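Source file data-v7.pdb; content: PDB, C-alpha atoms.
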```pdb
ATOM      1  CA  MET A 184      17.397 -27.767 -46.058
ATOM      2  CA  ILE A 185      16.343 -31.442 -46.142
ATOM      3  CA  THR A 186      12.673 -32.402 -46.337
ATOM      4  CA  GLN A 187      10.821 -35.709 -46.595
ATOM      5  CA  ASP A 188       7.762 -36.766 -48.564
ATOM      6  CA  VAL A 189       5.016 -38.599 -46.661
ATOM      7  CA  ARG A 190       1.888 -40.596 -47.472
ATOM      8  CA  CYS A 191      -1.566 -39.942 -46.060
ATOM      9  CA  ASN A 192      -1.581 -40.921 -42.387
ATOM     10  CA  LEU A 193      -5.248 -41.895 -42.468
ATOM     11  CA  CYS A 194      -5.580 -44.111 -45.563
ATOM     12  CA  ASN A 195      -1.896 -44.482 -46.602
ATOM     13  CA  ALA A 196      -2.617 -43.212 -50.113
ATOM     14  CA  ASP A 197      -0.138 -41.168 -52.112
ATOM     15  CA  ASP A 198      -2.847 -39.432 -54.118
ATOM     16  CA  TYR A 199      -3.490 -35.792 -53.343
ATOM     17  CA  THR A 200      -4.326 -32.356 -54.635
ATOM     18  CA  VAL A 201      -2.229 -29.334 -53.699
ATOM     19  CA  LEU A 202      -4.097 -26.789 -51.578
ATOM     20  CA  TYR A 203      -1.323 -24.265 -51.013
ATOM     21  CA  ASN A 204       2.235 -24.185 -52.262
ATOM     22  CA  SER A 205       5.134 -23.799 -49.853
ATOM     23  CA  THR A 206       5.928 -20.365 -48.429
ATOM     24  CA  VAL A 207       9.147 -21.571 -46.788
ATOM     25  CA  GLY A 208      11.485 -21.015 -49.721
ATOM     26  CA  ASP A 209      15.081 -21.600 -48.613
ATOM     27  CA  ILE A 210      14.463 -20.766 -44.938
ATOM     28  CA  PRO A 211      15.930 -23.637 -42.885
ATOM     29  CA  PRO A 212      14.033 -24.913 -39.841
ATOM     30  CA  GLY A 213      15.148 -24.125 -36.321
ATOM     31  CA  THR A 214      14.107 -24.752 -32.744
ATOM     32  CA  GLU A 215      12.191 -21.446 -32.722
ATOM     33  CA  ASP A 216       9.845 -22.854 -35.384
ATOM     34  CA  TYR A 217       8.747 -25.619 -33.008
ATOM     35  CA  LYS A 218       7.982 -23.796 -29.770
ATOM     36  CA  SER A 219       4.385 -23.138 -28.738
ATOM     37  CA  THR A 220       4.616 -19.344 -28.800
ATOM     38  CA  VAL A 221       6.166 -19.057 -32.272
ATOM     39  CA  ASN A 222       4.490 -16.279 -34.254
ATOM     40  CA  LYS A 223       5.709 -17.175 -37.750
ATOM     41  CA  TYR A 224       2.208 -17.285 -39.199
ATOM     42  CA  GLY A 225       1.900 -18.111 -42.880
ATOM     43  CA  LEU A 226       5.239 -19.957 -43.038
ATOM     44  CA  PHE A 227       4.655 -23.566 -44.059
ATOM     45  CA  HIS A 228       5.658 -26.294 -46.490
ATOM     46  CA  ARG A 229       3.240 -27.364 -49.231
ATOM     47  CA  LEU A 230      -0.190 -28.374 -47.958
ATOM     48  CA  VAL A 231      -2.117 -31.136 -49.696
ATOM     49  CA  SER A 232      -5.504 -32.830 -49.404
ATOM     50  CA  CYS A 233      -5.805 -36.601 -49.829
ATOM     51  CA  ARG A 234      -8.108 -37.384 -52.747
ATOM     52  CA  ARG A 235      -9.296 -40.609 -51.087
ATOM     53  CA  CYS A 236     -10.090 -39.613 -47.509
ATOM     54  CA  GLY A 237      -9.807 -35.816 -47.385
ATOM     55  CA  LEU A 238      -7.051 -35.572 -44.757
ATOM     56  CA  ILE A 239      -5.089 -32.318 -45.081
ATOM     57  CA  TYR A 240      -1.387 -32.544 -44.304
ATOM     58  CA  MET A 241       2.017 -31.020 -44.996
ATOM     59  CA  ASN A 242       3.930 -32.778 -47.752
ATOM     60  CA  PRO A 243       6.904 -32.567 -47.820
ATOM     61  CA  ARG A 244       7.901 -31.579 -44.295
ATOM     62  CA  ASP A 245      11.051 -30.973 -42.263
ATOM     63  CA  THR A 246      13.301 -33.810 -41.157
ATOM     64  CA  GLY A 247      14.686 -34.060 -37.624
ATOM     65  CA  ILE A 248      11.495 -32.746 -36.029
ATOM     66  CA  LYS A 249      11.988 -34.728 -32.801
ATOM     67  CA  ASP A 250      15.362 -33.072 -32.245
ATOM     68  CA  PHE A 251      13.844 -29.616 -32.609
ATOM     69  CA  TYR A 252      11.217 -30.381 -29.970
ATOM     70  CA  ARG A 253      13.838 -31.758 -27.562
ATOM     71  CA  LYS A 254      15.708 -28.445 -27.675
ATOM     72  CA  VAL A 255      12.710 -26.116 -27.283
ATOM     73  CA  VAL A 256      12.888 -23.488 -24.547
ATOM     74  CA  ASP A 257       9.747 -21.345 -24.349
ATOM     75  CA  LYS A 258       9.648 -19.126 -21.261
ATOM     76  CA  GLU A 259       7.063 -16.827 -22.880
ATOM     77  CA  TYR A 260       4.557 -19.678 -22.613
ATOM     78  CA  ILE A 261       4.714 -19.543 -18.816
ATOM     79  CA  GLU A 262       3.537 -15.921 -18.882
ATOM     80  CA  SER A 263       0.127 -17.155 -20.042
ATOM     81  CA  TRP A 264      -0.204 -19.681 -17.187
ATOM     82  CA  ASP A 265      -3.306 -18.220 -15.532
ATOM     83  CA  GLU A 266      -5.490 -17.842 -18.618
ATOM     84  CA  ARG A 267      -4.480 -21.249 -19.999
ATOM     85  CA  ALA A 268      -5.364 -22.756 -16.619
ATOM     86  CA  VAL A 269      -8.928 -21.460 -17.035
ATOM     87  CA  THR A 270      -9.228 -23.292 -20.369
ATOM     88  CA  PHE A 271      -7.873 -26.514 -18.847
ATOM     89  CA  ARG A 272     -10.298 -26.298 -15.916
ATOM     90  CA  ARG A 273     -13.119 -26.210 -18.442
ATOM     91  CA  HIS A 274     -11.668 -29.282 -20.162
ATOM     92  CA  LEU A 275     -11.596 -31.075 -16.805
ATOM     93  CA  GLU A 276     -15.249 -30.232 -16.208
ATOM     94  CA  ILE A 277     -16.091 -32.087 -19.410
ATOM     95  CA  LEU A 278     -13.878 -35.046 -18.494
ATOM     96  CA  ARG A 279     -15.824 -35.484 -15.259
ATOM     97  CA  ARG A 280     -18.869 -36.526 -17.275
ATOM     98  CA  TYR A 281     -17.008 -39.558 -18.588
ATOM     99  CA  LYS A 282     -14.441 -40.563 -15.975
ATOM    100  CA  ALA A 283     -14.454 -40.119 -12.219
ATOM    101  CA  GLN A 284     -11.692 -38.344 -10.346
ATOM    102  CA  LYS A 285      -8.744 -40.379  -9.010
ATOM    103  CA  ALA A 286      -8.530 -42.216 -12.321
ATOM    104  CA  ASN A 287      -5.171 -43.061 -13.934
ATOM    105  CA  LEU A 288      -4.458 -40.280 -16.421
ATOM    106  CA  LEU A 289      -1.737 -39.972 -19.062
ATOM    107  CA  ASP A 290      -1.117 -36.541 -20.578
ATOM    108  CA  ILE A 291       0.829 -36.605 -23.849
ATOM    109  CA  GLY A 292       2.697 -33.392 -24.614
ATOM    110  CA  CYS A 293       2.290 -31.736 -21.217
ATOM    111  CA  TYR A 294       4.727 -28.907 -22.046
ATOM    112  CA  ALA A 295       5.282 -26.705 -18.949
ATOM    113  CA  GLY A 296       2.626 -28.550 -16.920
ATOM    114  CA  ILE A 297      -0.323 -26.153 -16.708
ATOM    115  CA  PHE A 298      -2.867 -28.915 -17.279
ATOM    116  CA  LEU A 299      -1.005 -31.194 -14.853
ATOM    117  CA  SER A 300      -1.289 -28.553 -12.141
ATOM    118  CA  GLU A 301      -5.058 -28.344 -12.623
ATOM    119  CA  ALA A 302      -5.570 -32.112 -12.955
ATOM    120  CA  LYS A 303      -3.748 -32.707  -9.660
ATOM    121  CA  LYS A 304      -6.488 -30.733  -7.919
ATOM    122  CA  GLU A 305      -8.947 -33.349  -9.211
ATOM    123  CA  ASP A 306      -6.938 -36.161  -7.569
ATOM    124  CA  TYR A 307      -6.027 -37.900 -10.810
ATOM    125  CA  ASN A 308      -3.111 -40.341 -10.690
ATOM    126  CA  ILE A 309      -1.043 -38.655 -13.408
ATOM    127  CA  ILE A 310       1.863 -39.555 -15.651
ATOM    128  CA  ALA A 311       2.943 -37.211 -18.445
ATOM    129  CA  ILE A 312       5.120 -37.331 -21.558
ATOM    130  CA  GLU A 313       6.993 -34.303 -22.920
ATOM    131  CA  PRO A 314       9.747 -34.170 -25.578
ATOM    132  CA  SER A 315      11.239 -30.779 -24.593
ATOM    133  CA  LYS A 316      13.970 -31.201 -21.972
ATOM    134  CA  TRP A 317      13.319 -27.697 -20.639
ATOM    135  CA  ALA A 318       9.534 -28.146 -20.465
ATOM    136  CA  ALA A 319       9.726 -31.623 -18.905
ATOM    137  CA  GLU A 320      12.046 -30.388 -16.161
ATOM    138  CA  PHE A 321       9.921 -27.301 -15.510
ATOM    139  CA  ALA A 322       6.682 -29.321 -15.337
ATOM    140  CA  ARG A 323       8.260 -31.903 -13.041
ATOM    141  CA  GLU A 324       9.559 -29.298 -10.598
ATOM    142  CA  LYS A 325       6.424 -27.137 -10.737
ATOM    143  CA  THR A 326       3.827 -29.886 -10.278
ATOM    144  CA  GLY A 327       5.617 -32.888  -8.766
ATOM    145  CA  VAL A 328       4.060 -35.105 -11.451
ATOM    146  CA  ARG A 329       6.064 -37.923 -13.004
ATOM    147  CA  VAL A 330       7.029 -36.520 -16.410
ATOM    148  CA  LEU A 331       8.763 -38.795 -18.903
ATOM    149  CA  GLU A 332      11.137 -36.884 -21.142
ATOM    150  CA  GLY A 333      10.851 -37.931 -24.790
ATOM    151  CA  SER A 334       8.222 -38.585 -27.429
ATOM    152  CA  TRP A 335       5.222 -40.898 -27.074
ATOM    153  CA  ASP A 336       6.910 -43.682 -29.069
ATOM    154  CA  GLU A 337       9.875 -43.722 -26.691
ATOM    155  CA  ALA A 338       7.797 -44.169 -23.526
ATOM    156  CA  SER A 339       7.653 -47.512 -21.728
ATOM    157  CA  LEU A 340       4.298 -47.702 -19.966
ATOM    158  CA  PRO A 341       2.020 -50.569 -18.871
ATOM    159  CA  GLU A 342      -0.774 -51.723 -21.154
ATOM    160  CA  ASN A 343      -4.426 -51.670 -20.051
ATOM    161  CA  TYR A 344      -3.517 -49.292 -17.227
ATOM    162  CA  PHE A 345      -4.881 -45.823 -17.921
ATOM    163  CA  ASP A 346      -8.486 -44.665 -17.630
ATOM    164  CA  VAL A 347      -7.899 -41.392 -19.498
ATOM    165  CA  VAL A 348      -5.358 -40.146 -22.037
ATOM    166  CA  THR A 349      -5.306 -36.422 -22.855
ATOM    167  CA  MET A 350      -3.698 -34.603 -25.789
ATOM    168  CA  TRP A 351      -4.330 -30.861 -25.733
ATOM    169  CA  ASP A 352      -3.388 -29.210 -29.062
ATOM    170  CA  ILE A 353      -0.891 -31.994 -29.736
ATOM    171  CA  VAL A 354      -2.264 -34.233 -32.490
ATOM    172  CA  GLU A 355      -1.564 -31.717 -35.268
ATOM    173  CA  HIS A 356       2.137 -31.769 -34.329
ATOM    174  CA  LEU A 357       2.627 -35.552 -34.398
ATOM    175  CA  GLU A 358       4.587 -37.129 -37.228
ATOM    176  CA  ASN A 359       2.458 -40.293 -37.069
ATOM    177  CA  PRO A 360      -0.822 -39.631 -35.219
ATOM    178  CA  SER A 361      -2.406 -42.877 -36.417
ATOM    179  CA  ALA A 362       0.376 -44.953 -34.824
ATOM    180  CA  CYS A 363       0.074 -42.854 -31.665
ATOM    181  CA  PHE A 364      -3.635 -43.696 -31.423
ATOM    182  CA  ARG A 365      -2.838 -47.410 -31.778
ATOM    183  CA  GLN A 366      -0.386 -47.159 -28.899
ATOM    184  CA  ILE A 367      -2.848 -45.185 -26.762
ATOM    185  CA  CYS A 368      -5.387 -47.940 -27.356
ATOM    186  CA  ARG A 369      -2.915 -50.430 -25.845
ATOM    187  CA  TRP A 370      -2.244 -48.225 -22.823
ATOM    188  CA  LEU A 371      -5.931 -47.657 -22.071
ATOM    189  CA  LYS A 372      -8.171 -49.995 -20.135
ATOM    190  CA  GLU A 373     -11.176 -51.366 -21.974
ATOM    191  CA  GLY A 374     -13.720 -48.571 -21.972
ATOM    192  CA  GLY A 375     -11.051 -45.930 -21.296
ATOM    193  CA  ILE A 376     -11.197 -42.617 -23.104
ATOM    194  CA  VAL A 377      -8.865 -40.387 -25.066
ATOM    195  CA  ALA A 378      -9.621 -36.649 -25.080
ATOM    196  CA  MET A 379      -7.969 -34.094 -27.333
ATOM    197  CA  THR A 380      -8.288 -30.645 -28.838
ATOM    198  CA  THR A 381      -7.118 -29.276 -32.174
ATOM    199  CA  HIS A 382      -8.102 -26.697 -34.775
ATOM    200  CA  ASN A 383     -10.814 -27.373 -37.359
ATOM    201  CA  VAL A 384      -9.439 -26.662 -40.826
ATOM    202  CA  LYS A 385     -12.995 -26.795 -42.201
ATOM    203  CA  GLY A 386     -14.437 -24.336 -39.664
ATOM    204  CA  TRP A 387     -15.922 -21.092 -40.952
ATOM    205  CA  PHE A 388     -12.951 -18.990 -39.843
ATOM    206  CA  ALA A 389     -10.451 -21.304 -41.552
ATOM    207  CA  ARG A 390     -12.501 -21.323 -44.760
ATOM    208  CA  LEU A 391     -12.834 -17.529 -44.688
ATOM    209  CA  ALA A 392      -9.122 -16.965 -44.058
ATOM    210  CA  GLY A 393      -7.955 -19.477 -46.696
ATOM    211  CA  ARG A 394      -4.161 -19.507 -47.039
ATOM    212  CA  ARG A 395      -4.005 -16.718 -44.411
ATOM    213  CA  TYR A 396      -5.482 -18.979 -41.718
ATOM    214  CA  PRO A 397      -3.158 -18.383 -38.719
ATOM    215  CA  TRP A 398      -2.708 -22.069 -37.841
ATOM    216  CA  LEU A 399      -1.128 -22.868 -41.201
ATOM    217  CA  MET A 400       2.333 -23.031 -39.679
ATOM    218  CA  ARG A 401       5.495 -25.019 -40.129
ATOM    219  CA  PHE A 402       5.031 -27.134 -37.000
ATOM    220  CA  HIS A 403       1.425 -28.109 -37.791
ATOM    221  CA  LEU A 404       1.916 -31.267 -39.826
ATOM    222  CA  TYR A 405      -1.789 -32.153 -39.993
ATOM    223  CA  HIS A 406      -4.953 -30.096 -40.237
ATOM    224  CA  PHE A 407      -7.972 -32.073 -39.097
ATOM    225  CA  GLU A 408     -11.707 -31.587 -39.186
ATOM    226  CA  PRO A 409     -14.076 -33.619 -36.989
ATOM    227  CA  LYS A 410     -14.723 -36.034 -39.881
ATOM    228  CA  THR A 411     -11.083 -36.962 -40.549
ATOM    229  CA  LEU A 412     -10.056 -37.069 -36.885
ATOM    230  CA  SER A 413     -13.050 -39.259 -36.020
ATOM    231  CA  ALA A 414     -12.170 -41.590 -38.902
ATOM    232  CA  MET A 415      -8.576 -41.917 -37.718
ATOM    233  CA  LEU A 416      -9.694 -42.678 -34.178
ATOM    234  CA  PHE A 417     -12.248 -45.253 -35.353
ATOM    235  CA  LYS A 418      -9.610 -46.933 -37.524
ATOM    236  CA  ASN A 419      -7.412 -47.411 -34.468
ATOM    237  CA  GLY A 420      -9.909 -48.877 -32.017
ATOM    238  CA  PHE A 421     -11.969 -45.942 -30.745
ATOM    239  CA  THR A 422     -15.550 -44.779 -30.955
ATOM    240  CA  PRO A 423     -15.990 -40.983 -30.823
ATOM    241  CA  ILE A 424     -18.573 -40.059 -28.192
ATOM    242  CA  LEU A 425     -18.259 -36.254 -28.075
ATOM    243  CA  VAL A 426     -17.334 -33.588 -30.606
ATOM    244  CA  LYS A 427     -17.767 -29.944 -29.609
ATOM    245  CA  ASN A 428     -16.290 -26.492 -30.182
ATOM    246  CA  TYR A 429     -14.699 -24.696 -27.256
ATOM    247  CA  THR A 430     -13.479 -21.225 -26.307
ATOM    248  CA  LYS A 431      -9.892 -20.207 -25.571
ATOM    249  CA  ILE A 432      -8.989 -17.435 -23.140
ATOM    250  CA  PHE A 433      -5.837 -15.299 -23.393
ATOM    251  CA  SER A 434      -4.602 -12.086 -21.804
ATOM    252  CA  LEU A 435      -4.192  -8.988 -23.944
ATOM    253  CA  LYS A 436      -0.468  -9.082 -23.133
ATOM    254  CA  TYR A 437      -0.132 -12.580 -24.560
ATOM    255  CA  ILE A 438      -2.105 -11.719 -27.704
ATOM    256  CA  LEU A 439       0.003  -8.625 -28.358
ATOM    257  CA  GLY A 440       3.126 -10.705 -27.824
ATOM    258  CA  ARG A 441       2.010 -13.179 -30.488
ATOM    259  CA  LEU A 442       1.741 -10.215 -32.844
ATOM    260  CA  GLY A 443       5.275  -9.151 -32.008
ATOM    261  CA  ILE A 444       4.250  -6.288 -29.707
ATOM    262  CA  ARG A 445       5.874  -6.256 -26.257
ATOM    263  CA  ALA A 446       3.463  -4.834 -23.672
ATOM    264  CA  GLY A 447       4.705  -4.151 -20.163
ATOM    265  CA  GLY A 448       2.668  -3.612 -17.025
ATOM    266  CA  GLY A 449       0.139  -5.735 -15.187
ATOM    267  CA  LEU A 450      -2.915  -4.136 -16.795
ATOM    268  CA  PHE A 451      -2.364  -5.890 -20.124
ATOM    269  CA  LYS A 452      -2.131  -9.221 -18.297
ATOM    270  CA  LYS A 453      -5.324  -8.608 -16.316
ATOM    271  CA  ILE A 454      -7.380  -7.883 -19.435
ATOM    272  CA  THR A 455      -8.494 -11.223 -20.885
ATOM    273  CA  LEU A 456     -10.278 -11.994 -24.129
ATOM    274  CA  SER A 457     -12.254 -15.080 -25.142
ATOM    275  CA  PHE A 458     -11.947 -16.543 -28.611
ATOM    276  CA  ASN A 459     -14.539 -18.786 -30.213
ATOM    277  CA  THR A 460     -14.113 -18.634 -33.964
ATOM    278  CA  GLY A 461     -15.684 -22.024 -34.554
ATOM    279  CA  ASP A 462     -12.367 -23.643 -35.423
ATOM    280  CA  MET A 463     -11.205 -25.047 -32.095
ATOM    281  CA  PHE A 464     -12.806 -28.353 -31.196
ATOM    282  CA  MET A 465     -12.570 -31.089 -28.606
ATOM    283  CA  ILE A 466     -13.129 -34.746 -29.382
ATOM    284  CA  ILE A 467     -13.490 -37.563 -26.847
ATOM    285  CA  ALA A 468     -13.409 -41.199 -27.943
ATOM    286  CA  ARG A 469     -13.796 -44.458 -26.048
ATOM    287  CA  LYS A 470     -11.694 -47.577 -26.489
ATOM    288  CA  THR A 471     -14.157 -50.171 -27.660
ATOM    289  CA  ALA A 472     -14.600 -52.834 -30.300
ATOM    290  CA  LYS A 473     -18.206 -51.783 -30.785
ATOM    291  CA  ASN A 474     -19.255 -48.828 -32.934
ATOM    292  CA  GLU A 475     -21.777 -47.056 -30.730
ATOM    293  CA  ASN A 476     -22.638 -44.488 -33.381
ATOM    294  CA  ASN A 477     -23.197 -41.939 -30.635
ATOM    295  CA  ILE A 478     -21.532 -38.636 -31.449
ATOM    296  CA  ASN A 479     -23.030 -35.736 -29.471
TER
END
```

I need this file expressed as structure tokens, please.
Amino acid sequence: MITQDVRCNLCNADDYTVLYNSTVGDIPPGTEDYKSTVNKYGLFHRLVSCRRCGLIYMNPRDTGIKDFYRKVVDKEYIESWDERAVTFRRHLEILRRYKAQKANLLDIGCYAGIFLSEAKKEDYNIIAIEPSKWAAEFAREKTGVRVLEGSWDEASLPENYFDVVTMWDIVEHLENPSACFRQICRWLKEGGIVAMTTHNVKGWFARLAGRRYPWLMRFHLYHFEPKTLSAMLFKNGFTPILVKNYTKIFSLKYILGRLGIRAGGGLFKKITLSFNTGDMFMIIARKTAKNENNIN
């Protein structure tokens, strides 16, 4: 198993304290570790906290991560289409406050295309990026949206073109989120917005769970809080204008599946549960040279 050491992606320091030691041992990485529905909770490389800026990240981490994502096949994810669509519709309701429909929208990490399907109903002009060959093909065929296969740093797109860039539960997976934000800033028009969701490692549930926090997983390279994510955005040309918690909705069948329990029958799919543990947050930031100091 080959790993690589990394510096802090926010301040570039190599000065950290160890939060939790690795639980990986000699277990080599595989494609299964990098699909959305993986349930290997508690399996992660060493987690550290930067002494200078507070960013929490995995150090060291696996090598060849891009190749794992390219090979991901995750048909279980599609089973949760309907309940995930509800969450994305709520995200779109929030986006309407900041950008009108029919805007040019780029979705980074679209996976199987659930958000694309919902955004099309809002008449956005959409382009998407997805590293998984399987997911990109599925999303393209399912939604008819132009989906570029590959990672964000392999995409050739026009600068100053997009009104909105979305990244739903993606930023924690990126090897270099700071560089991704710089590129997004180039793709966006002046005044354009980037909207994303991720988990809050400083939320009450994460603090209570400690090393047993479910989202401490091998494919989560970074663990943000609103403070560190806002700082990274500001560093790369954005002003945060909204930070808020949100609720996720999943069927009982999906939840049981994540726990390794296979539940047949339509009843388990019809029963849905809402989760708001204070650790899932959305942040929206505007491309601007001026610090508006207006976080709601």

Residues returned when the PyMOL selection byres ((chain A and resi 340-346) around 7) runs on this file, as JSON, numbers by chain: {"A": [286, 287, 288, 289, 338, 339, 347, 369, 370, 371, 372, 375, 376]}

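Going from CA of Ile467 in chain A over to CA of Glu355 in chain A, you cover 15.7 Å.
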
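Of the listed residues A:Cys233, A:Val221, A:Val189, A:Ile312, the one whose atoms come nearest to Leu202 in chain A is A:Cys233, with distances taken using all atoms listed in the file.
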
May I ask which of the residues A:Ala378, A:Val269, A:Val201, A:Ile261 is the closest one to Ala322 in chain A, counting only C-alpha atoms? A:Ile261

Can you work out which one of A:Ile297, A:Val384, A:Met465, A:Ala362 has the shortest atom-to-atom distance to Trp398 in chain A, counting all atoms listed in the file? A:Val384

Please measure the separation of CA of Tyr429 in chain A and CA of Asp462 in chain A, giving the value in Å to one decimal. 8.6 Å

At a cut-off of 10 Å, using all atoms listed in the file, what residues contact Asp245 in chain A? Leave out same-chain residues fewer than 5 positions from it and give the result as a VMD selection string. chain A and resid 184 to 188 211 to 213 227 to 228 401 to 402 404

Local residues around (-5.4, -37.5, -9.1), at most 9 Å away, using all atoms listed in the file, as a list in words: Gln284, Lys285, Ala286, Asn287, Leu288, Ala302, Lys303, Lys304, Glu305, Asp306, Tyr307, Asn308 and Ile309 of chain A

With distances taken over all atoms listed in the file, which residue among A:Glu259, A:Glu301, A:Glu266, A:Glu320 lies nearest Lys218 in chain A? A:Glu259

Explicit residue set for the PyMOL selection byres ((chain A and resi 354) around 10), as a PyMOL selection string: chain A and resi 291-292+350-353+355-361+363-364+379-382+403-407+412

What do you get, as an MDAnalysis selection string, if you spell out every residue that the PyMOL selection byres ((chain A and resi 413) around 10) selects here? chainID A and resid 407:412 414:418 421:426 466:468 478

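The nearest approach to Leu238 in chain A among the residues A:Thr206, A:Asn195, A:Thr471, A:Thr326, with only C-alpha atoms taken into account, belongs to A:Asn195.
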
What's around Glu324 in chain A at 12 Å? Count all atoms listed in the file, leave out sequence neighbours fewer than 5 positions away in its own chain, and write the answer as a ChimeraX atom specification. /A:295-296,299-300,317-319,329-330

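The space separating CA of Gly208 in chain A from CA of Pro243 in chain A comes to 12.6 Å.
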
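Distances from A:Lys431, A:Lys249, A:Lys470, A:Arg244 to Glu337 in chain A were compared using only C-alpha atoms, and the smallest one belongs to A:Lys249.
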